[in-house]
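Visitor: Got a file for you: query.tsv, TSV, C-alpha atoms and all ligand atoms.
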chain	number	residue	atom	x	y	z
U	1	MET	CA	43.24	0.83	36.77
U	2	ARG	CA	45.98	-1.67	36.00
U	3	ILE	CA	45.36	-4.32	33.35
U	4	ALA	CA	47.56	-7.41	32.88
U	5	LEU	CA	48.07	-8.35	29.20
U	6	PHE	CA	49.26	-11.90	28.80
U	7	GLY	CA	49.34	-14.47	26.02
U	8	ASP	CA	51.14	-17.31	24.26
U	9	ILE	CA	50.69	-19.38	27.40
U	10	HIS	CA	51.03	-22.57	25.38
U	11	ALA	CA	49.86	-24.97	28.07
U	12	ASN	CA	52.60	-23.95	30.52
U	13	LEU	CA	50.69	-23.97	33.81
U	14	GLU	CA	53.65	-23.12	36.07
U	15	ALA	CA	54.41	-20.01	34.00
U	16	LEU	CA	50.75	-19.00	33.88
U	17	GLU	CA	50.28	-19.30	37.66
U	18	ALA	CA	53.49	-17.33	38.27
U	19	VAL	CA	52.34	-14.52	35.95
U	20	LEU	CA	48.89	-14.31	37.51
U	21	ALA	CA	50.38	-14.20	41.02
U	22	ASP	CA	52.79	-11.45	39.96
U	23	ALA	CA	49.99	-9.46	38.30
U	24	ALA	CA	47.86	-9.63	41.45
U	25	GLU	CA	50.85	-8.51	43.52
U	26	GLN	CA	51.34	-5.60	41.11
U	27	GLY	CA	47.77	-4.45	41.72
U	28	CYS	CA	46.21	-5.62	38.46
U	29	THR	CA	42.42	-5.86	38.69
U	30	ASP	CA	41.70	-6.73	35.06
U	31	TYR	CA	43.15	-9.27	32.63
U	32	VAL	CA	43.23	-9.62	28.85
U	33	CYS	CA	44.59	-12.67	27.04
U	34	MET	CA	46.30	-12.49	23.60
U	35	GLY	CA	45.54	-16.13	22.74
U	36	ASP	CA	47.52	-19.32	22.13
U	37	VAL	CA	46.34	-20.74	25.43
U	38	VAL	CA	47.31	-24.24	24.28
U	39	GLY	CA	49.95	-25.96	22.10
U	40	TYR	CA	53.58	-27.02	22.67
U	41	ASN	CA	53.55	-27.78	26.43
U	42	ALA	CA	51.82	-30.38	28.59
U	43	ASP	CA	48.99	-28.63	30.49
U	44	PRO	CA	46.40	-27.62	27.87
U	45	VAL	CA	43.35	-28.60	29.94
U	46	ALA	CA	44.46	-26.88	33.16
U	47	CYS	CA	45.54	-23.71	31.31
U	48	LEU	CA	42.33	-23.51	29.29
U	49	GLU	CA	40.18	-23.94	32.40
U	50	ARG	CA	42.26	-21.42	34.36
U	51	VAL	CA	41.89	-18.77	31.64
U	52	ARG	CA	38.24	-19.56	31.06
U	53	ALA	CA	37.45	-19.25	34.78
U	54	MET	CA	38.96	-15.74	34.75
U	55	ASP	CA	36.12	-14.69	32.43
U	56	CYS	CA	38.32	-12.05	30.80
U	57	PRO	CA	38.56	-11.02	27.13
U	58	VAL	CA	40.54	-13.61	25.13
U	59	VAL	CA	41.39	-13.51	21.42
U	60	LYS	CA	42.05	-16.58	19.32
U	61	GLY	CA	45.60	-17.69	18.49
U	62	ASN	CA	46.66	-19.96	15.64
U	63	HIS	CA	47.35	-22.85	18.05
U	64	ASP	CA	43.88	-22.38	19.58
U	65	GLU	CA	42.45	-22.66	16.07
U	66	ASP	CA	44.55	-25.69	15.14
U	67	ALA	CA	43.86	-27.49	18.44
U	68	SER	CA	40.10	-26.94	18.07
U	69	GLY	CA	39.86	-28.15	14.46
U	70	SER	CA	40.31	-31.54	12.81
U	71	HIS	CA	42.12	-30.37	9.68
U	72	SER	CA	45.49	-31.81	8.65
U	73	LEU	CA	48.55	-30.29	10.32
U	74	GLU	CA	50.93	-31.60	7.66
U	75	SER	CA	52.08	-28.17	6.46
U	76	MET	CA	53.12	-27.21	9.99
U	77	ASN	CA	56.54	-27.72	11.53
U	78	PRO	CA	56.59	-31.33	12.81
U	79	VAL	CA	57.28	-30.52	16.48
U	80	ALA	CA	54.38	-28.04	16.71
U	81	ALA	CA	52.15	-30.48	14.82
U	82	ALA	CA	53.01	-33.37	17.15
U	83	ALA	CA	52.12	-31.25	20.17
U	84	LEU	CA	48.86	-30.14	18.57
U	85	GLU	CA	47.83	-33.71	17.70
U	86	TRP	CA	48.47	-34.62	21.35
U	87	THR	CA	46.58	-31.50	22.53
U	88	ARG	CA	43.52	-32.39	20.43
U	89	VAL	CA	43.27	-35.71	22.26
U	90	GLN	CA	43.57	-34.10	25.70
U	91	LEU	CA	40.78	-31.54	25.19
U	92	SER	CA	37.08	-32.38	25.46
U	93	ASP	CA	34.66	-31.48	22.65
U	94	GLU	CA	33.33	-28.75	24.86
U	95	GLN	CA	36.79	-27.30	25.48
U	96	ARG	CA	37.57	-27.37	21.75
U	97	THR	CA	34.30	-25.54	21.10
U	98	TRP	CA	35.31	-22.84	23.58
U	99	LEU	CA	38.59	-22.36	21.70
U	100	ARG	CA	36.88	-22.37	18.32
U	101	ARG	CA	34.45	-19.65	19.37
U	102	LEU	CA	37.11	-17.20	20.53
U	103	ARG	CA	37.05	-13.96	18.56
U	104	MET	CA	39.96	-12.78	16.42
U	105	VAL	CA	39.89	-9.14	17.55
U	106	ARG	CA	38.56	-7.51	20.70
U	107	GLN	CA	38.30	-3.94	21.82
U	108	VAL	CA	38.79	-3.47	25.56
U	109	GLU	CA	38.58	-0.05	27.23
U	110	ASP	CA	40.27	2.21	24.65
U	111	PHE	CA	42.63	-0.36	23.10
U	112	THR	CA	42.49	-3.25	20.63
U	113	VAL	CA	43.73	-6.81	21.08
U	114	VAL	CA	44.67	-9.32	18.36
U	115	HIS	CA	46.89	-12.41	18.34
U	116	SER	CA	48.88	-11.60	15.18
U	117	THR	CA	47.99	-8.44	13.20
U	118	LEU	CA	44.94	-6.29	12.50
U	119	ASP	CA	45.43	-6.17	8.72
U	120	GLN	CA	44.74	-9.89	8.22
U	121	PRO	CA	44.09	-11.45	11.63
U	122	ALA	CA	43.21	-14.87	10.20
U	123	HIS	CA	46.44	-15.09	8.17
U	124	TRP	CA	48.62	-15.21	11.29
U	125	ASN	CA	51.32	-12.96	9.88
U	126	TYR	CA	54.44	-12.45	11.98
U	127	VAL	CA	55.47	-8.89	12.81
U	128	THR	CA	59.26	-8.88	13.08
U	129	ASN	CA	60.14	-5.42	11.75
U	130	ARG	CA	58.69	-1.94	11.30
U	131	PHE	CA	57.53	-2.70	7.75
U	132	ASP	CA	55.31	-5.53	9.02
U	133	ALA	CA	54.08	-3.14	11.70
U	134	MET	CA	53.13	-0.53	9.05
U	135	SER	CA	50.58	-2.92	7.54
U	136	ASN	CA	49.00	-3.32	10.95
U	137	PHE	CA	48.84	0.41	11.64
U	138	SER	CA	46.73	0.94	8.48
U	139	TYR	CA	43.99	-1.04	10.25
U	140	GLN	CA	44.57	0.17	13.81
U	141	PHE	CA	41.88	2.66	14.81
U	142	THR	CA	42.69	2.82	18.52
U	143	GLN	CA	45.77	4.55	19.87
U	144	VAL	CA	47.09	1.33	21.42
U	145	CYS	CA	46.92	-2.26	20.16
U	146	PHE	CA	48.38	-5.28	21.97
U	147	HIS	CA	49.32	-8.54	20.27
U	148	GLY	CA	51.54	-11.64	20.58
U	149	HIS	CA	52.38	-14.51	18.19
U	150	THR	CA	56.17	-14.07	17.77
U	151	HIS	CA	56.83	-14.65	21.51
U	152	VAL	CA	59.19	-11.65	21.49
U	153	PRO	CA	58.24	-8.46	23.36
U	154	ARG	CA	58.38	-5.52	20.95
U	155	VAL	CA	57.12	-1.94	20.76
U	156	TYR	CA	56.32	-0.13	17.49
U	157	VAL	CA	55.44	3.54	17.57
U	158	LYS	CA	53.82	5.44	14.69
U	159	THR	CA	54.21	9.18	14.54
U	160	ASP	CA	54.89	10.57	11.05
U	161	LYS	CA	56.87	7.34	10.53
U	162	VAL	CA	56.92	3.90	12.16
U	163	GLN	CA	59.82	2.95	14.39
U	164	GLU	CA	60.69	0.18	16.82
U	165	VAL	CA	61.70	1.30	20.31
U	166	PRO	CA	63.13	-0.91	23.10
U	167	ALA	CA	60.56	-3.08	24.87
U	168	GLU	CA	60.88	-1.28	28.18
U	169	SER	CA	58.47	1.12	29.88
U	170	VAL	CA	56.30	2.93	27.33
U	171	MET	CA	54.55	6.25	28.01
U	172	ILE	CA	51.49	6.67	25.80
U	173	GLU	CA	51.73	10.13	24.28
U	174	ASP	CA	49.17	12.12	22.31
U	175	GLY	CA	49.75	12.09	18.57
U	176	SER	CA	51.39	8.63	18.52
U	177	LYS	CA	49.99	5.14	17.97
U	178	TYR	CA	51.41	2.04	19.61
U	179	PHE	CA	51.49	-1.60	18.48
U	180	ILE	CA	52.86	-3.66	21.32
U	181	ASN	CA	53.83	-7.32	21.49
U	182	VAL	CA	53.48	-8.42	25.11
U	183	GLY	CA	55.84	-11.42	24.74
U	184	SER	CA	55.05	-14.98	25.79
U	185	VAL	CA	54.05	-16.45	29.14
U	186	GLY	CA	54.81	-20.06	28.34
U	187	GLN	CA	57.51	-20.15	25.65
U	188	PRO	CA	59.56	-16.93	25.44
U	189	ARG	CA	61.85	-16.67	22.39
U	190	ASP	CA	63.92	-13.59	23.13
U	191	GLY	CA	66.68	-15.48	24.95
U	192	ASP	CA	65.21	-14.91	28.43
U	193	TRP	CA	63.54	-18.06	29.80
U	194	ARG	CA	61.37	-16.18	32.32
U	195	ALA	CA	57.63	-15.74	31.67
U	196	CYS	CA	56.80	-12.40	30.03
U	197	TYR	CA	53.70	-10.20	30.13
U	198	ALA	CA	52.79	-6.50	30.26
U	199	ILE	CA	50.86	-4.22	32.58
U	200	TYR	CA	48.92	-1.23	31.23
U	201	ASP	CA	48.31	1.45	33.86
U	202	LEU	CA	45.47	3.40	32.28
U	203	ASP	CA	45.52	6.28	34.78
U	204	HIS	CA	49.21	6.97	34.21
U	205	ARG	CA	49.15	5.94	30.52
U	206	LEU	CA	52.14	3.75	31.20
U	207	ILE	CA	52.93	0.24	29.93
U	208	VAL	CA	55.58	-1.87	31.63
U	209	PHE	CA	56.91	-5.32	30.76
U	210	ARG	CA	57.36	-7.87	33.52
U	211	ARG	CA	59.60	-10.98	33.64
U	212	VAL	CA	58.69	-13.66	36.15
U	213	ASP	CA	60.60	-16.73	37.38
U	214	TYR	CA	58.63	-19.97	37.46
U	215	ASP	CA	59.20	-23.65	38.24
U	216	ILE	CA	60.61	-24.56	34.82
U	217	GLU	CA	61.80	-28.02	35.98
U	218	SER	CA	58.20	-29.12	36.65
U	219	THR	CA	57.10	-27.88	33.22
U	220	GLN	CA	59.96	-29.72	31.52
U	221	ARG	CA	59.30	-32.93	33.48
U	222	LYS	CA	55.62	-32.93	32.45
U	223	ILE	CA	56.58	-32.46	28.77
U	224	LEU	CA	58.85	-35.51	28.93
U	225	GLU	CA	56.31	-37.56	30.89
U	226	ALA	CA	53.67	-36.78	28.25
U	227	LYS	CA	56.14	-38.04	25.62
U	228	LEU	CA	56.00	-34.76	23.75
U	229	PRO	CA	59.13	-33.96	21.67
U	230	SER	CA	62.00	-33.42	24.13
U	231	MET	CA	63.18	-30.30	22.31
U	232	LEU	CA	60.04	-28.59	23.64
U	233	ALA	CA	61.44	-29.03	27.15
U	234	GLU	CA	64.95	-28.00	26.14
U	235	ARG	CA	63.96	-24.82	24.35
U	236	LEU	CA	62.20	-23.47	27.46
U	237	ALA	CA	65.51	-23.23	29.28
U	238	ASP	CA	67.09	-21.37	26.36
U	239	GLY	CA	64.19	-18.97	25.92
U	240	ARG	CA	64.07	-19.88	22.20
B	301	ZN	ZN	52.22	-18.73	20.14
Output the file's structure as structure tokens, nothing else.
Guide:
Amino acid sequence: MRIALFGDIHANLEALEAVLADAAEQGCTDYVCMGDVVGYNADPVACLERVRAMDCPVVKGNHDEDASGSHSLESMNPVAAAALEWTRVQLSDEQRTWLRRLRMVRQVEDFTVVHSTLDQPAHWNYVTNRFDAMSNFSYQFTQVCFHGHTHVPRVYVKTDKVQEVPAESVMIEDGSKYFINVGSVGQPRDGDWRACYAIYDLDHRLIVFRRVDYDIESTQRKILEAKLPSMLAERLADGR
């Protein structure tokens, strides 16, 4: 069984379609979404409906929460806030309700899924080093946990200590725990503009990261046509 783990789509329909096509080609039969379906880019409705139609486990991201609420976004960075205000207008009440009802943590097969961290999932903490990862591991009761949120693919392994290993192929070995950031479909920030996701091959206990080309010009054009901040289009090309 091969499961595609994808998240931080951020309303980038071209990237989402490219990832789903690649996953099908790679023999994935099951899908799990790390959240942040909307925010930043210009296709929130199409991305939400595409993910919803897949009827797969989805956890809630901070942008899903902000897009589905009516609270002030003043404390947020102004570019993200502008995109979220715009996103709120695009979505129907019913679509916002779907986002609002997403769960924070899911268990799927023998692994856990969360958008940010398991220690305080509603606080949206960023895991950028092994010390952040340690806090998560205290609350991780499955051998493997997948997450997103930073838009950077990362692998933390806990044996007697916690260390970060390169985000390449990962063999799941007895006696270790794994906390794995699957990267971002729709707004990668590791310097590589291509859409990122991971495949978990349960039979071989192997996790691989995939990078997928997509039609970035169309995504950028739609952002500008929607009059969203132009830096949202520019950053896609830089992978930042
Ligand atoms: Zn995100």
Visitor: Could the residues that lie within 8 Å of ligand ZN 301 (chain B), counting all atoms listed in the file, be listed as an mmCIF file with C-alpha atoms, in the coordinates of the input?
Guide:
data_model
loop_
_atom_site.group_PDB
_atom_site.id
_atom_site.type_symbol
_atom_site.label_atom_id
_atom_site.label_comp_id
_atom_site.auth_asym_id
_atom_site.auth_seq_id
_atom_site.Cartn_x
_atom_site.Cartn_y
_atom_site.Cartn_z
ATOM 1 C CA GLY U 7 49.340 -14.470 26.020
ATOM 2 C CA ASP U 8 51.140 -17.310 24.260
ATOM 3 C CA ILE U 9 50.690 -19.380 27.400
ATOM 4 C CA HIS U 10 51.030 -22.570 25.380
ATOM 5 C CA GLY U 35 45.540 -16.130 22.740
ATOM 6 C CA ASP U 36 47.520 -19.320 22.130
ATOM 7 C CA GLY U 39 49.950 -25.960 22.100
ATOM 8 C CA GLY U 61 45.600 -17.690 18.490
ATOM 9 C CA ASN U 62 46.660 -19.960 15.640
ATOM 10 C CA HIS U 63 47.350 -22.850 18.050
ATOM 11 C CA GLY U 148 51.540 -11.640 20.580
ATOM 12 C CA HIS U 149 52.380 -14.510 18.190
ATOM 13 C CA THR U 150 56.170 -14.070 17.770
ATOM 14 C CA HIS U 151 56.830 -14.650 21.510
ATOM 15 C CA SER U 184 55.050 -14.980 25.790
ATOM 16 C CA GLN U 187 57.510 -20.150 25.650
#
Visitor: Counting only C-alpha atoms, figure out which residue out of U:Phe6, U:Tyr31, U:Phe131, U:Tyr126 gets nearest to Asp55 of chain U.
Guide: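 For Asp55 of chain U, the nearest of the given residues is U:Tyr31.
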Visitor: Go through U:Met104, U:Ala83, U:Met1, U:Val185 one by one, measure the shortest atom-to-atom distance of each to Val37 of chain U using only C-alpha atoms, and give the residue with the smallest value.
Guide: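 Closest residue, counting only C-alpha atoms: U:Val185.
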Visitor: For Cys196 of chain U, please output as a PDB file with C-alpha atoms, in the coordinates of the input all residues within 8 Å (counting all atoms listed in the file; exclusion window: fewer than 6 positions along the same chain).
Guide:
ATOM      1  CA  PHE U   6      49.260 -11.900  28.800  1.00  0.00           C
ATOM      2  CA  VAL U  19      52.340 -14.520  35.950  1.00  0.00           C
ATOM      3  CA  PRO U 153      58.240  -8.460  23.360  1.00  0.00           C
ATOM      4  CA  VAL U 182      53.480  -8.420  25.110  1.00  0.00           C
ATOM      5  CA  GLY U 183      55.840 -11.420  24.740  1.00  0.00           C
ATOM      6  CA  SER U 184      55.050 -14.980  25.790  1.00  0.00           C
ATOM      7  CA  VAL U 185      54.050 -16.450  29.140  1.00  0.00           C
ATOM      8  CA  PRO U 188      59.560 -16.930  25.440  1.00  0.00           C
ATOM      9  CA  PHE U 209      56.910  -5.320  30.760  1.00  0.00           C
ATOM     10  CA  ARG U 210      57.360  -7.870  33.520  1.00  0.00           C
ATOM     11  CA  ARG U 211      59.600 -10.980  33.640  1.00  0.00           C
ATOM     12  CA  VAL U 212      58.690 -13.660  36.150  1.00  0.00           C
TER      13      VAL U 212
END
Visitor: Mind pulling up the distance from atom CA of Glu217 of chain U to atom CA of Ala46 of chain U?
Guide: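 Atom CA of Glu217 of chain U lies 17.6 Å from atom CA of Ala46 of chain U.
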Visitor: For a test of reading the model, state the distance in Å between atom CA of Tyr156 of chain U and atom CA of Arg194 of chain U, rounded to one decimal.
Guide: 22.4 Å
Visitor: Find the spatial neighbours of Val170 of chain U, counting all atoms listed in the file, within a cut-off of 10 Å - ignore same-chain residues fewer than 5 positions away - and output them as a PyMOL selection string.
Guide: chain U and resi 155+157+165+178+180+200+205-209
Visitor: To one decimal in Å, tell me the separation between atom CA of Ser135 of chain U and atom CA of Leu118 of chain U.
Guide: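 Separation between atom CA of Ser135 of chain U and atom CA of Leu118 of chain U: 8.2 Å.
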Visitor: What lies within 8 Å of Cys145 of chain U using all atoms listed in the file, ignoring chain neighbours under 2 positions off, as a PyMOL selection string?
Guide: chain U and resi 111-114+140+142-143+147+178-180
Visitor: Check the smallest atom-to-atom distance from each of U:His204, U:Lys60, U:Arg88, U:Lys222 to Leu73 of chain U using all atoms listed in the file, then report the winner.
Guide: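 Looking only at the distances to Leu73 of chain U, the closest residue turns out to be U:Arg88.
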Visitor: Quick one: residues within 9 Å of (57.7, -29.8, 29.7) (file frame), counting all atoms listed in the file, please, as an NGL selection string.
Guide: :U and (12 or 40-43 or 216-226 or 228 or 230 or 232-234 or 236)
